[in-house]
Amino acid sequence: YIHEFAPIAREEMELYKIPASITLAQGILESGAGDGELTRRANNHFGIKCHGWSGQKVYHDDDASQECFRKYKDPKYSYRDHSLFLTERKRYAALFDLD
């Protein structure tokens, strides 16, 4: 997983200042190291749900039955969405105050 997705995580780090190690660790956890059903079916490495999403969708059991998750054409779009998710939400703003 790390070998395959480190280049994408490093690119996201350069653009969004999120440490690649943090992104990869979360990707490993959320995706079952790339082997989870949601990752295989939807290239969704971070378990990001639909909330306001106008792109393709897939339904998957999570906290509730058949919840809506974002579906990506390529894993790199999942990584980009993860970066945007963290940088655009007030909930995570304090993380970017850290060195």
# chains A, B, ... in the order shown; residues from 1 in each chain; ligands from 1
$ residues_around --residues "Gly55 (chain A)" --least-positions-apart "4" --cutoff "9 Å" --atoms "only C-alpha atoms" --output "ChimeraX atom specification"
/A:50,70-72
$ write_last_selection --atoms "C-alpha atoms" --output "PDB file, in the first residue's frame"
ATOM      1  CA  CYS A  50     -21.732  11.448  -0.001  1.00  0.00           C
ATOM      2  CA  ARG A  70     -18.381   8.740  -2.793  1.00  0.00           C
ATOM      3  CA  LYS A  71     -17.107   6.720  -5.720  1.00  0.00           C
ATOM      4  CA  TYR A  72     -13.933   7.763  -7.548  1.00  0.00           C
TER       5      TYR A  72
END
$ residues_around --residues "Ile22 (chain A)" --least-positions-apart "5" --cutoff "12 Å" --atoms "only C-alpha atoms" --output "list in words"
Ile2, Ala6, Ala9, Arg10, Glu12, Met13, Lys17, Gly27, Ile28, Leu29, Phe46, Tyr79, His82, Ser83, Leu86 and Leu95 of chain A
$ atom_distance --atom1 "CA of Asp35 (chain A)" --atom2 "CA of Leu84 (chain A)"
23.6 Å
$ residues_around --residues "Asn43 (chain A)" --least-positions-apart "6" --cutoff "9 Å" --atoms "only C-alpha atoms" --output "PyMOL selection string"
chain A and resi 34+70-78
$ residues_around --residues "Ser31 (chain A)" --least-positions-apart "4" --cutoff "9 Å" --atoms "only C-alpha atoms" --output "PyMOL selection string"
chain A and resi 26-27+35-40+44-47
$ closest_residue --among "A:Ile48, A:Ala33, A:Glu14, A:His3" --to "Asp81 (chain A)" --atoms "only C-alpha atoms"
A:Ile48
$ closest_residue --among "A:Ile8, A:Leu24, A:Cys68, A:Ala93" --to "His51 (chain A)" --atoms "only C-alpha atoms"
A:Cys68
$ select_by_dssp --residues "chain A" --states "strand (DSSP E or B)" --output "ChimeraX atom specification"
/A:49,57-60,67-70
$ select_by_dssp --residues "chain A" --states "helix (DSSP H, G or I)" --output "MDAnalysis selection string"
chainID A and resid 2:16 20:31 37:42 75:87 90:97
$ closest_residue --among "A:Tyr59, A:Ile18, A:Pro7, A:Phe69" --to "Asp99 (chain A)" --atoms "only C-alpha atoms"
A:Ile18
$ closest_residue --among "A:Thr87, A:Tyr1, A:Ser54, A:Asp62" --to "Gly32 (chain A)" --atoms "only C-alpha atoms"
A:Tyr1
